[in-house]
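protein34.cif follows; it contains mmCIF, C-alpha atoms and all ligand atoms.
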data_entry
loop_
_atom_site.label_atom_id
_atom_site.label_comp_id
_atom_site.auth_asym_id
_atom_site.auth_seq_id
_atom_site.Cartn_x
_atom_site.Cartn_y
_atom_site.Cartn_z
CA MET A 1 -53.03 -1.30 -123.59
CA SER A 2 -54.26 2.23 -124.27
CA ILE A 3 -55.63 3.23 -127.67
CA ALA A 4 -52.64 5.53 -128.10
CA ASP A 5 -50.22 2.58 -127.54
CA TYR A 6 -52.11 0.37 -130.00
CA ILE A 7 -52.02 3.10 -132.64
CA GLN A 8 -48.22 3.32 -132.36
CA ASN A 9 -47.85 -0.39 -132.95
CA PRO A 10 -51.06 -1.93 -134.30
CA THR A 11 -51.11 -5.67 -133.86
CA ILE A 12 -53.50 -8.05 -135.58
CA ARG A 13 -56.03 -8.76 -132.85
CA HIS A 14 -58.91 -11.23 -132.83
CA ASP A 15 -60.14 -10.48 -129.32
CA TRP A 16 -61.87 -7.12 -129.69
CA THR A 17 -64.56 -6.45 -127.10
CA MET A 18 -67.79 -4.50 -127.54
CA ALA A 19 -66.59 -1.96 -124.97
CA GLU A 20 -63.41 -1.33 -126.97
CA VAL A 21 -65.24 -0.97 -130.28
CA GLN A 22 -67.76 1.39 -128.71
CA ALA A 23 -64.96 3.47 -127.21
CA LEU A 24 -63.15 3.71 -130.53
CA PHE A 25 -66.27 4.49 -132.59
CA ASN A 26 -67.28 7.29 -130.22
CA LEU A 27 -63.93 9.02 -129.88
CA PRO A 28 -63.98 12.74 -130.64
CA PHE A 29 -64.11 12.78 -134.45
CA ASN A 30 -60.72 14.42 -134.90
CA ASP A 31 -59.02 11.89 -132.62
CA LEU A 32 -60.70 8.99 -134.41
CA MET A 33 -59.58 10.32 -137.79
CA PHE A 34 -56.04 10.91 -136.55
CA TYR A 35 -55.79 7.37 -135.16
CA ALA A 36 -57.25 5.84 -138.31
CA GLN A 37 -54.79 7.81 -140.47
CA SER A 38 -51.89 6.83 -138.25
CA VAL A 39 -52.74 3.14 -138.58
CA HIS A 40 -53.44 3.40 -142.30
CA ARG A 41 -50.07 4.96 -143.10
CA GLN A 42 -48.20 2.14 -141.36
CA PHE A 43 -49.50 -0.40 -143.86
CA PHE A 44 -50.65 1.39 -147.01
CA ASN A 45 -49.86 4.26 -149.29
CA PRO A 46 -52.58 6.74 -148.17
CA ASN A 47 -52.76 8.23 -151.67
CA GLU A 48 -53.76 5.04 -153.49
CA VAL A 49 -57.07 3.25 -153.81
CA GLN A 50 -57.76 -0.17 -155.22
CA THR A 51 -60.50 -0.25 -157.89
CA SER A 52 -62.93 -3.10 -158.49
CA THR A 53 -65.65 -3.22 -161.14
CA LEU A 54 -68.87 -5.12 -160.50
CA LEU A 55 -71.02 -7.05 -162.93
CA SER A 56 -74.29 -8.81 -162.18
CA ILE A 57 -73.94 -12.09 -164.08
CA LYS A 58 -77.33 -13.38 -162.92
CA THR A 59 -79.92 -10.81 -161.89
CA GLY A 60 -83.15 -11.00 -159.91
CA ALA A 61 -85.61 -13.58 -158.55
CA CYS A 62 -83.32 -14.63 -155.70
CA PRO A 63 -85.01 -17.09 -153.28
CA GLU A 64 -83.53 -15.30 -150.23
CA ASP A 65 -85.48 -12.54 -148.47
CA CYS A 66 -82.72 -10.02 -147.59
CA ALA A 67 -84.73 -6.90 -146.71
CA TYR A 68 -82.25 -4.54 -148.34
CA CYS A 69 -81.96 -6.31 -151.65
CA PRO A 70 -83.61 -5.27 -154.91
CA GLN A 71 -82.87 -8.74 -156.30
CA SER A 72 -84.89 -10.74 -153.80
CA GLY A 73 -87.80 -12.55 -155.45
CA HIS A 74 -89.86 -11.79 -152.32
CA TYR A 75 -90.27 -8.11 -153.25
CA ASN A 76 -91.47 -6.29 -156.31
CA THR A 77 -88.73 -3.88 -157.29
CA GLY A 78 -89.37 -3.92 -161.02
CA LEU A 79 -86.41 -6.20 -161.80
CA SER A 80 -87.12 -9.08 -164.09
CA LYS A 81 -85.54 -12.51 -163.66
CA GLU A 82 -82.58 -13.06 -165.93
CA GLN A 83 -80.64 -16.15 -166.92
CA LEU A 84 -76.92 -16.49 -166.31
CA MET A 85 -75.09 -14.13 -168.65
CA ALA A 86 -73.17 -15.66 -171.57
CA LEU A 87 -69.42 -16.15 -171.12
CA GLU A 88 -68.53 -13.87 -174.06
CA GLU A 89 -70.62 -11.01 -172.67
CA VAL A 90 -68.95 -11.33 -169.27
CA LEU A 91 -65.50 -11.30 -170.86
CA SER A 92 -66.26 -8.27 -173.00
CA ASN A 93 -67.44 -6.42 -169.86
CA ALA A 94 -64.27 -7.48 -168.06
CA GLN A 95 -62.11 -6.20 -170.92
CA LYS A 96 -63.95 -2.85 -170.78
CA ALA A 97 -63.39 -2.67 -167.01
CA LYS A 98 -59.70 -3.33 -167.53
CA ASP A 99 -59.50 -0.67 -170.26
CA THR A 100 -61.01 1.94 -167.91
CA GLY A 101 -58.43 1.09 -165.24
CA ALA A 102 -60.04 -1.39 -162.82
CA THR A 103 -57.71 -4.04 -161.40
CA ARG A 104 -60.32 -6.45 -160.06
CA PHE A 105 -63.49 -7.76 -161.68
CA CYS A 106 -66.28 -8.90 -159.33
CA MET A 107 -69.12 -11.02 -160.62
CA GLY A 108 -72.32 -11.27 -158.58
CA ALA A 109 -75.15 -13.77 -158.88
CA ALA A 110 -78.56 -13.57 -157.19
CA TRP A 111 -78.41 -17.13 -155.89
CA ARG A 112 -78.85 -18.77 -152.51
CA SER A 113 -75.98 -21.01 -153.64
CA PRO A 114 -74.56 -22.03 -157.02
CA ARG A 115 -76.15 -25.16 -158.44
CA GLY A 116 -76.37 -27.43 -161.47
CA LYS A 117 -75.06 -26.52 -164.89
CA ASP A 118 -74.45 -22.85 -164.05
CA PHE A 119 -71.49 -23.47 -161.74
CA PRO A 120 -69.10 -24.86 -164.42
CA VAL A 121 -69.91 -21.79 -166.54
CA VAL A 122 -68.92 -19.52 -163.65
CA LEU A 123 -65.63 -21.44 -163.38
CA GLU A 124 -65.00 -20.67 -167.07
CA MET A 125 -65.81 -16.99 -166.43
CA ILE A 126 -63.19 -16.89 -163.67
CA LYS A 127 -60.57 -18.51 -165.90
CA GLY A 128 -61.38 -16.10 -168.73
CA VAL A 129 -61.29 -12.96 -166.58
CA LYS A 130 -58.04 -14.07 -164.98
CA ALA A 131 -56.54 -14.62 -168.45
CA LEU A 132 -57.26 -10.96 -169.23
CA GLY A 133 -54.90 -10.04 -166.41
CA LEU A 134 -57.53 -8.96 -163.90
CA GLU A 135 -57.94 -10.13 -160.33
CA THR A 136 -61.10 -12.16 -159.93
CA CYS A 137 -63.86 -11.97 -157.34
CA VAL A 138 -67.26 -13.65 -157.25
CA THR A 139 -70.24 -13.55 -154.92
CA LEU A 140 -72.57 -16.48 -155.47
CA GLY A 141 -74.21 -17.09 -152.08
CA MET A 142 -73.49 -20.12 -149.88
CA LEU A 143 -70.69 -22.53 -150.79
CA ASN A 144 -69.56 -25.92 -149.56
CA ASP A 145 -65.90 -26.96 -149.27
CA GLU A 146 -65.85 -28.68 -152.64
CA GLN A 147 -67.26 -25.67 -154.48
CA ALA A 148 -64.75 -23.39 -152.77
CA GLN A 149 -61.91 -25.67 -153.87
CA GLN A 150 -63.19 -25.70 -157.45
CA LEU A 151 -63.32 -21.89 -157.44
CA LYS A 152 -59.75 -21.77 -156.15
CA ALA A 153 -58.60 -24.19 -158.84
CA ALA A 154 -60.23 -21.97 -161.49
CA GLY A 155 -58.06 -19.08 -160.31
CA LEU A 156 -60.40 -17.20 -158.00
CA ASP A 157 -58.65 -14.51 -155.95
CA TYR A 158 -61.51 -13.23 -153.71
CA TYR A 159 -64.92 -14.45 -152.58
CA ASN A 160 -67.39 -11.82 -151.34
CA HIS A 161 -69.79 -12.96 -148.65
CA ASN A 162 -70.95 -10.26 -146.25
CA LEU A 163 -71.99 -10.69 -142.63
CA ASP A 164 -74.10 -7.58 -143.30
CA THR A 165 -74.91 -6.69 -139.66
CA SER A 166 -74.67 -7.97 -136.08
CA GLN A 167 -75.79 -11.47 -135.08
CA GLU A 168 -78.71 -9.89 -133.18
CA TYR A 169 -80.04 -7.70 -136.00
CA TYR A 170 -79.50 -10.32 -138.71
CA GLU A 171 -82.81 -12.09 -138.15
CA LYS A 172 -84.71 -8.80 -138.58
CA ILE A 173 -83.15 -8.47 -142.03
CA ILE A 174 -82.99 -12.05 -143.37
CA THR A 175 -85.07 -15.06 -142.35
CA THR A 176 -84.12 -17.53 -145.08
CA ARG A 177 -80.60 -18.23 -143.77
CA THR A 178 -78.67 -17.83 -140.53
CA TYR A 179 -75.55 -16.01 -139.40
CA GLN A 180 -74.02 -19.43 -138.84
CA ASP A 181 -74.64 -20.32 -142.52
CA ARG A 182 -72.69 -17.20 -143.44
CA MET A 183 -69.82 -18.12 -141.10
CA GLU A 184 -69.64 -21.64 -142.51
CA THR A 185 -69.31 -20.41 -146.09
CA LEU A 186 -66.54 -18.06 -145.01
CA GLU A 187 -64.82 -21.03 -143.36
CA SER A 188 -64.95 -22.98 -146.63
CA VAL A 189 -63.57 -19.99 -148.55
CA ARG A 190 -60.70 -19.52 -146.11
CA GLY A 191 -60.05 -23.26 -146.06
CA ALA A 192 -59.64 -23.27 -149.84
CA GLY A 193 -57.05 -20.49 -149.63
CA ILE A 194 -59.21 -17.85 -151.33
CA ASN A 195 -58.98 -14.28 -150.04
CA VAL A 196 -62.08 -13.33 -148.05
CA CYS A 197 -64.06 -10.21 -148.89
CA SER A 198 -66.59 -9.68 -146.11
CA GLY A 199 -68.25 -6.62 -144.65
CA GLY A 200 -71.71 -5.23 -144.23
CA ILE A 201 -74.29 -2.51 -144.67
CA ILE A 202 -75.14 0.36 -142.39
CA GLY A 203 -78.25 2.52 -142.57
CA MET A 204 -80.71 -0.39 -142.29
CA GLY A 205 -82.34 0.96 -139.12
CA GLU A 206 -79.85 -0.86 -136.90
CA GLN A 207 -78.73 0.43 -133.49
CA ALA A 208 -75.21 1.59 -132.70
CA ASN A 209 -74.56 -1.76 -130.95
CA ASP A 210 -75.27 -3.60 -134.20
CA ARG A 211 -72.56 -1.60 -135.94
CA TYR A 212 -70.05 -2.37 -133.20
CA GLY A 213 -71.18 -6.01 -133.27
CA LEU A 214 -70.60 -6.28 -137.02
CA LEU A 215 -67.08 -4.87 -136.72
CA MET A 216 -66.34 -7.18 -133.82
CA GLU A 217 -67.52 -10.27 -135.75
CA LEU A 218 -65.41 -9.32 -138.75
CA ALA A 219 -62.24 -8.61 -136.78
CA ASN A 220 -62.62 -11.62 -134.48
CA MET A 221 -62.81 -14.16 -137.31
CA PRO A 222 -59.79 -16.51 -137.42
CA GLU A 223 -58.20 -14.13 -139.96
CA HIS A 224 -59.19 -10.59 -140.80
CA PRO A 225 -60.95 -10.54 -144.17
CA GLN A 226 -58.44 -9.34 -146.75
CA SER A 227 -61.13 -6.98 -148.03
CA VAL A 228 -63.89 -5.33 -145.96
CA PRO A 229 -66.68 -3.66 -147.94
CA ILE A 230 -68.67 -1.11 -145.94
CA ASN A 231 -71.92 -0.39 -147.78
CA MET A 232 -74.32 2.46 -147.09
CA LEU A 233 -77.84 1.15 -147.72
CA VAL A 234 -79.16 2.01 -151.16
CA ALA A 235 -82.86 2.22 -150.25
CA VAL A 236 -84.67 0.67 -153.21
CA ALA A 237 -88.43 1.14 -153.78
CA GLY A 238 -90.31 -2.09 -153.22
CA THR A 239 -87.93 -3.47 -150.57
CA PRO A 240 -89.00 -3.47 -146.90
CA LEU A 241 -86.26 -0.91 -146.17
CA GLU A 242 -87.35 1.59 -148.80
CA ASN A 243 -88.40 4.22 -146.23
CA VAL A 244 -85.81 3.59 -143.55
CA GLU A 245 -84.45 6.71 -141.86
CA LYS A 246 -81.44 8.18 -143.65
CA LEU A 247 -78.07 7.50 -142.10
CA ASP A 248 -75.94 10.24 -140.55
CA GLU A 249 -72.95 10.29 -142.92
CA ILE A 250 -70.61 11.17 -140.06
CA ASP A 251 -71.49 7.76 -138.61
CA PHE A 252 -70.60 6.19 -141.94
CA VAL A 253 -67.16 7.83 -141.79
CA ARG A 254 -66.79 6.65 -138.17
CA MET A 255 -67.58 3.11 -139.30
CA ILE A 256 -64.80 3.23 -141.91
CA ALA A 257 -62.30 4.70 -139.44
CA THR A 258 -63.11 2.09 -136.79
CA ALA A 259 -62.81 -0.75 -139.33
CA ARG A 260 -59.45 0.65 -140.43
CA ILE A 261 -58.14 0.72 -136.87
CA MET A 262 -59.41 -2.76 -135.98
CA MET A 263 -58.29 -4.46 -139.21
CA PRO A 264 -55.12 -2.53 -140.04
CA LYS A 265 -53.90 -4.69 -142.94
CA SER A 266 -57.26 -5.16 -144.67
CA TYR A 267 -58.46 -3.20 -147.65
CA VAL A 268 -61.51 -1.27 -146.42
CA ARG A 269 -63.86 -0.60 -149.32
CA LEU A 270 -66.10 2.44 -149.53
CA SER A 271 -68.79 0.40 -151.28
CA ALA A 272 -72.47 0.92 -152.15
CA GLY A 273 -73.99 4.33 -151.46
CA ARG A 274 -71.43 6.61 -153.12
CA GLU A 275 -73.98 7.78 -155.70
CA ASN A 276 -75.92 9.47 -152.87
CA MET A 277 -72.84 10.77 -151.06
CA SER A 278 -71.16 14.13 -151.52
CA ASP A 279 -67.59 14.26 -152.80
CA GLU A 280 -66.69 15.74 -149.42
CA THR A 281 -68.07 12.76 -147.48
CA GLN A 282 -66.16 10.43 -149.77
CA ALA A 283 -62.99 12.45 -149.15
CA LEU A 284 -63.55 11.98 -145.39
CA CYS A 285 -63.92 8.24 -145.97
CA PHE A 286 -60.53 8.16 -147.72
CA MET A 287 -59.05 10.17 -144.85
CA ALA A 288 -60.57 7.62 -142.48
CA GLY A 289 -58.65 4.84 -144.22
CA ALA A 290 -60.93 3.59 -146.99
CA ASN A 291 -58.61 2.39 -149.75
CA SER A 292 -60.83 0.62 -152.22
CA ILE A 293 -63.92 1.53 -154.26
CA PHE A 294 -66.30 0.03 -156.76
CA TYR A 295 -65.46 1.74 -160.04
CA GLY A 296 -67.93 1.95 -162.91
CA GLU A 297 -71.38 3.46 -163.37
CA LYS A 298 -73.29 0.47 -162.03
CA LEU A 299 -73.02 -1.64 -158.89
CA LEU A 300 -75.08 -4.81 -159.45
CA THR A 301 -78.46 -3.27 -160.27
CA THR A 302 -78.20 0.29 -158.88
CA ALA A 303 -76.21 3.35 -159.90
CA ASN A 304 -72.63 4.18 -158.92
CA PRO A 305 -70.76 7.38 -159.89
CA ASP A 306 -69.50 7.15 -163.48
CA GLU A 307 -65.80 6.66 -164.21
CA ASN A 308 -65.33 10.24 -165.30
CA HIS A 309 -66.73 11.63 -162.05
CA ASP A 310 -64.48 9.30 -160.06
CA ARG A 311 -61.40 10.15 -162.11
CA ILE A 312 -62.01 13.84 -161.39
CA LEU A 313 -62.66 13.22 -157.70
CA LEU A 314 -59.54 11.11 -157.26
CA SER A 315 -57.50 13.68 -159.15
CA ARG A 316 -58.88 16.50 -156.94
CA LEU A 317 -57.72 14.48 -153.93
CA GLY A 318 -54.34 13.50 -155.40
CA ILE A 319 -55.27 9.83 -155.09
CA GLN A 320 -53.95 7.33 -157.64
CA PRO A 321 -55.67 4.10 -158.60
CA GLU A 322 -53.52 1.27 -157.26
CA GLN A 323 -51.77 -0.85 -159.87
CA ALA A 324 -52.65 -4.54 -160.04
CA ALA A 325 -49.35 -6.02 -158.92
CA SER A 326 -49.46 -4.83 -155.33
CA SER A 327 -53.17 -5.23 -154.79
CA ALA A 328 -53.46 -8.91 -153.90
CA PRO A 329 -52.33 -9.45 -150.34
CA SER A 330 -51.02 -12.92 -149.79
CA HIS A 331 -53.55 -15.11 -148.06
CA ALA A 332 -53.16 -15.60 -144.33
CA THR A 333 -50.64 -12.89 -143.62
CA ASP A 334 -51.48 -11.73 -140.14
CA SER A 335 -48.37 -9.86 -139.09
CA ALA A 336 -47.80 -6.14 -139.16
CA SER A 337 -45.13 -4.66 -141.44
CA GLY A 338 -44.11 -1.56 -143.35
CA SER A 339 -44.81 2.10 -143.17
CA ALA A 340 -46.04 4.37 -145.95
CA PRO A 341 -44.45 7.74 -146.60
CA VAL A 342 -46.39 10.96 -147.01
CA SER A 343 -46.00 12.67 -150.40
CA ASP A 344 -42.61 14.29 -150.48
CA SER A 345 -42.70 16.40 -153.61
CA PHE A 346 -44.76 19.27 -154.92
CA ASN A 347 -44.86 19.83 -158.68
CA GLY A 348 -41.49 18.16 -158.88
CA VAL A 349 -40.02 20.30 -156.10
CA LYS A 350 -38.84 18.03 -153.30
CA PHE A 351 -39.48 19.05 -149.74
CA THR A 352 -38.48 17.45 -146.50
CA ASN A 353 -41.11 16.22 -144.11
CA ALA A 354 -40.24 14.53 -140.88
CA ALA A 355 -43.14 12.09 -141.27
CA ALA A 356 -41.73 10.91 -144.61
CA SER A 357 -38.43 9.69 -143.28
N1 LIG B 401 -76.41 -13.44 -153.35
C1 LIG B 401 -75.11 -13.24 -152.88
C2 LIG B 401 -75.05 -12.93 -151.41
O1 LIG B 401 -76.00 -12.48 -150.84
O2 LIG B 401 -73.99 -13.16 -150.83
C3 LIG B 401 -74.34 -12.21 -153.65
C4 LIG B 401 -74.94 -10.91 -154.09
S1 LIG B 401 -75.46 -9.79 -152.82
C5 LIG B 401 -76.28 -8.57 -153.78
C6 LIG B 401 -73.97 -9.03 -152.23
C7 LIG B 401 -74.07 -7.99 -151.16
O3 LIG B 401 -74.56 -6.77 -151.69
C8 LIG B 401 -74.99 -8.24 -149.99
O4 LIG B 401 -74.44 -9.09 -149.03
C9 LIG B 401 -75.18 -6.85 -149.42
O5 LIG B 401 -74.22 -6.59 -148.43
C10 LIG B 401 -74.96 -5.95 -150.63
N2 LIG B 401 -76.20 -5.23 -150.98
C11 LIG B 401 -77.26 -5.77 -151.61
N3 LIG B 401 -78.24 -4.85 -151.76
C12 LIG B 401 -77.78 -3.70 -151.21
C13 LIG B 401 -78.33 -2.40 -151.04
N4 LIG B 401 -79.56 -2.11 -151.44
N5 LIG B 401 -77.58 -1.45 -150.43
C14 LIG B 401 -76.32 -1.76 -150.00
N6 LIG B 401 -75.76 -2.97 -150.14
C15 LIG B 401 -76.47 -3.94 -150.73
C1 LIG B 402 -70.67 -5.53 -151.58
O1 LIG B 402 -70.39 -5.53 -150.38
N1 LIG B 402 -71.36 -4.60 -152.21
C2 LIG B 402 -71.56 -4.95 -153.60
C3 LIG B 402 -70.75 -6.25 -153.74
N2 LIG B 402 -70.34 -6.51 -152.40
C4 LIG B 402 -71.29 -7.42 -154.42
C5 LIG B 402 -72.97 -5.00 -154.01
C6 LIG B 402 -73.75 -3.73 -153.72
C7 LIG B 402 -75.11 -3.91 -154.29
C8 LIG B 402 -75.96 -2.68 -154.18
C9 LIG B 402 -77.32 -2.89 -154.72
C10 LIG B 402 -77.37 -3.23 -156.16
O2 LIG B 402 -76.71 -2.57 -157.00
O3 LIG B 402 -78.12 -4.15 -156.54
FE1 LIG B 403 -80.20 -12.85 -152.90
FE2 LIG B 403 -77.79 -11.93 -152.24
FE3 LIG B 403 -79.86 -10.26 -152.69
FE4 LIG B 403 -79.87 -11.73 -150.51
S1 LIG B 403 -78.38 -10.14 -151.02
S2 LIG B 403 -81.60 -11.44 -151.91
S3 LIG B 403 -78.89 -13.59 -151.26
S4 LIG B 403 -78.88 -11.57 -154.17
#
As structure tokens, how would this structure be written, given the file I've shared?
Amino acid sequence: MSIADYIQNPTIRHDWTMAEVQALFNLPFNDLMFYAQSVHRQFFNPNEVQTSTLLSIKTGACPEDCAYCPQSGHYNTGLSKEQLMALEEVLSNAQKAKDTGATRFCMGAAWRSPRGKDFPVVLEMIKGVKALGLETCVTLGMLNDEQAQQLKAAGLDYYNHNLDTSQEYYEKIITTRTYQDRMETLESVRGAGINVCSGGIIGMGEQANDRYGLLMELANMPEHPQSVPINMLVAVAGTPLENVEKLDEIDFVRMIATARIMMPKSYVRLSAGRENMSDETQALCFMAGANSIFYGEKLLTTANPDENHDRILLSRLGIQPEQAASSAPSHATDSASGSAPVSDSFNGVKFTNAAAS
């Protein structure tokens, strides 16, 4: 099948090859953007983005050695070790996130895996955030089947666990766990019926093949992750990647567009790195099919654009924050459906556009 045929009728594929991903990624930029837009509009309203707010519920001193991460206990980044945040503080942060318009609240912990008396507290956090009417997401490191089922029973909607890069580059970035460990946790999450949020980081000194490899691993999982965060490395002083060469932002946009084409029904999140990105690059990412952002002035430990800046940017682009009701795709839906219209009015004046019919 040619790329042009696939774009007309995107199917959910789990057999992407490196050669195909490479060909897509390296299309002339305008063709790539056109294809990504064409796919995006068949499944989503192109003028809506989903908004998630992050909170670090347990910061620093992580036993893992992820070379990008300011929270690893292996590096001195000036972060001090903190205990698990109190339930009330988490809930008051969640309420604030809801009041500013976020629909999903993501709680992150700097753990290899959740253990001991902290895990039941996290379950209470999930129940409490859910009761506020927010979607829930956590990222707690490795899980076993039983933990995944407990999270599901507490009302968890999404579990974030990134593959981060290709199988080949992974061991240059993390030595304290394997790619297979990552895959197994994702298996437990899927098995429990929790939506999977899994993506990666680019700008870590990886080669082009590692970017294609990451996209291939994500798309060739038994189901496409419902949410795919694409992070641009935030180079933090004290981490081994602090002086890595800066990424070409056009490649970042290409990564988003290629993810959009390969995983047509997934939410593709323009994730870490927006603080160092121009508004224009972000606009290109939305054109490329990104339809989710982290919203709020902090990611886990580093800065993100503040809400006011984002409100202005989205308004300049005519993009609306997506409302909660339509933002949780049902788990395990792998068939294509629907088609989104283009805007068909201008200041209340209706106009006809062939693409809208
Ligand atoms: N400890 C858990 C884990 O590793 O799964 C959860 C928290 S961890 C901080 C979540 C994700 O944040 C990582 O998988 C990585 O993709 C992303 N991340 C961490 N530091 C980053 C950085 N400096 N720049 C971009 N993304 C980063
Ligand atoms: C994801 O893919 N990116 C978020 C979230 N999932 C947990 C985290 C980004 C962290 C950036 C570095 C920091 O703020 O500590
Ligand atoms: Fe720990 Fe997660 Fe950071 Fe790795 S990315 S050091 S596991 S908090």
Non-local contacts of Val138 in chain A (7 Å; all atoms listed in the file; under 2 positions in same chain excluded) as a VMD selection string | chain A and resid 106 to 108 136 140 158 to 160
Residues near range 26-38 of chain A, cut-off 6 Å, only C-alpha atoms, skip fewer than 2 positions along chain, as a tab-separated table (two decimals) with C-alpha atoms, keeping the file's coordinate frame:
chain	number	residue	atom	x	y	z
A	23	ALA	CA	-64.96	3.47	-127.21
A	24	LEU	CA	-63.15	3.71	-130.53
A	40	HIS	CA	-53.44	3.40	-142.30
A	41	ARG	CA	-50.07	4.96	-143.10
A	257	ALA	CA	-62.30	4.70	-139.44
A	261	ILE	CA	-58.14	0.72	-136.87
A	288	ALA	CA	-60.57	7.62	-142.48
Expected answer as number ranges by chain: residues within 6 Å of ligand LIG 401 (chain B), all atoms listed in the file | A: 68-69, 108-112, 139-141, 161-162, 164, 200-201, 231-235, 272
Can you tell me how far CA of Ser72 in chain A sits from CA of Cys137 in chain A, in Å to one decimal?
->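 We find that CA of Ser72 in chain A and CA of Cys137 in chain A lie 21.4 Å from each other.
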Quick one: residues within 6 Å of ligand LIG 402 (chain B), with only C-alpha atoms and all ligand atoms, as a count of residues only?
-> 10
Could you give me, as a PyMOL selection string, the residues that have an atom at most 10 Å away from the point (-79.7, -16.7, -147.2) in the coordinates of the file, using all atoms listed in the file?
-> chain A and resi 62-66+111-113+141-142+174-179+181-182
Could you dump the residues just selected with C-alpha atoms as a PDB file, in the coordinates of the input?
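selection_12.pdb written:
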ATOM      1  CA  CYS A  62     -83.320 -14.630-155.700  1.00  0.00           C
ATOM      2  CA  PRO A  63     -85.010 -17.090-153.280  1.00  0.00           C
ATOM      3  CA  GLU A  64     -83.530 -15.300-150.230  1.00  0.00           C
ATOM      4  CA  ASP A  65     -85.480 -12.540-148.470  1.00  0.00           C
ATOM      5  CA  CYS A  66     -82.720 -10.020-147.590  1.00  0.00           C
ATOM      6  CA  TRP A 111     -78.410 -17.130-155.890  1.00  0.00           C
ATOM      7  CA  ARG A 112     -78.850 -18.770-152.510  1.00  0.00           C
ATOM      8  CA  SER A 113     -75.980 -21.010-153.640  1.00  0.00           C
ATOM      9  CA  GLY A 141     -74.210 -17.090-152.080  1.00  0.00           C
ATOM     10  CA  MET A 142     -73.490 -20.120-149.880  1.00  0.00           C
ATOM     11  CA  ILE A 174     -82.990 -12.050-143.370  1.00  0.00           C
ATOM     12  CA  THR A 175     -85.070 -15.060-142.350  1.00  0.00           C
ATOM     13  CA  THR A 176     -84.120 -17.530-145.080  1.00  0.00           C
ATOM     14  CA  ARG A 177     -80.600 -18.230-143.770  1.00  0.00           C
ATOM     15  CA  THR A 178     -78.670 -17.830-140.530  1.00  0.00           C
ATOM     16  CA  TYR A 179     -75.550 -16.010-139.400  1.00  0.00           C
ATOM     17  CA  ASP A 181     -74.640 -20.320-142.520  1.00  0.00           C
ATOM     18  CA  ARG A 182     -72.690 -17.200-143.440  1.00  0.00           C
TER      19      ARG A 182
END
Between A:Phe119, A:Tyr75, A:Phe105, A:Tyr169, which one has atoms that come closest to ligand LIG 403 (chain B), using all atoms listed in the file?
->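 Of the candidates, the smallest distance to ligand LIG 403 (chain B) is held by A:Tyr75.
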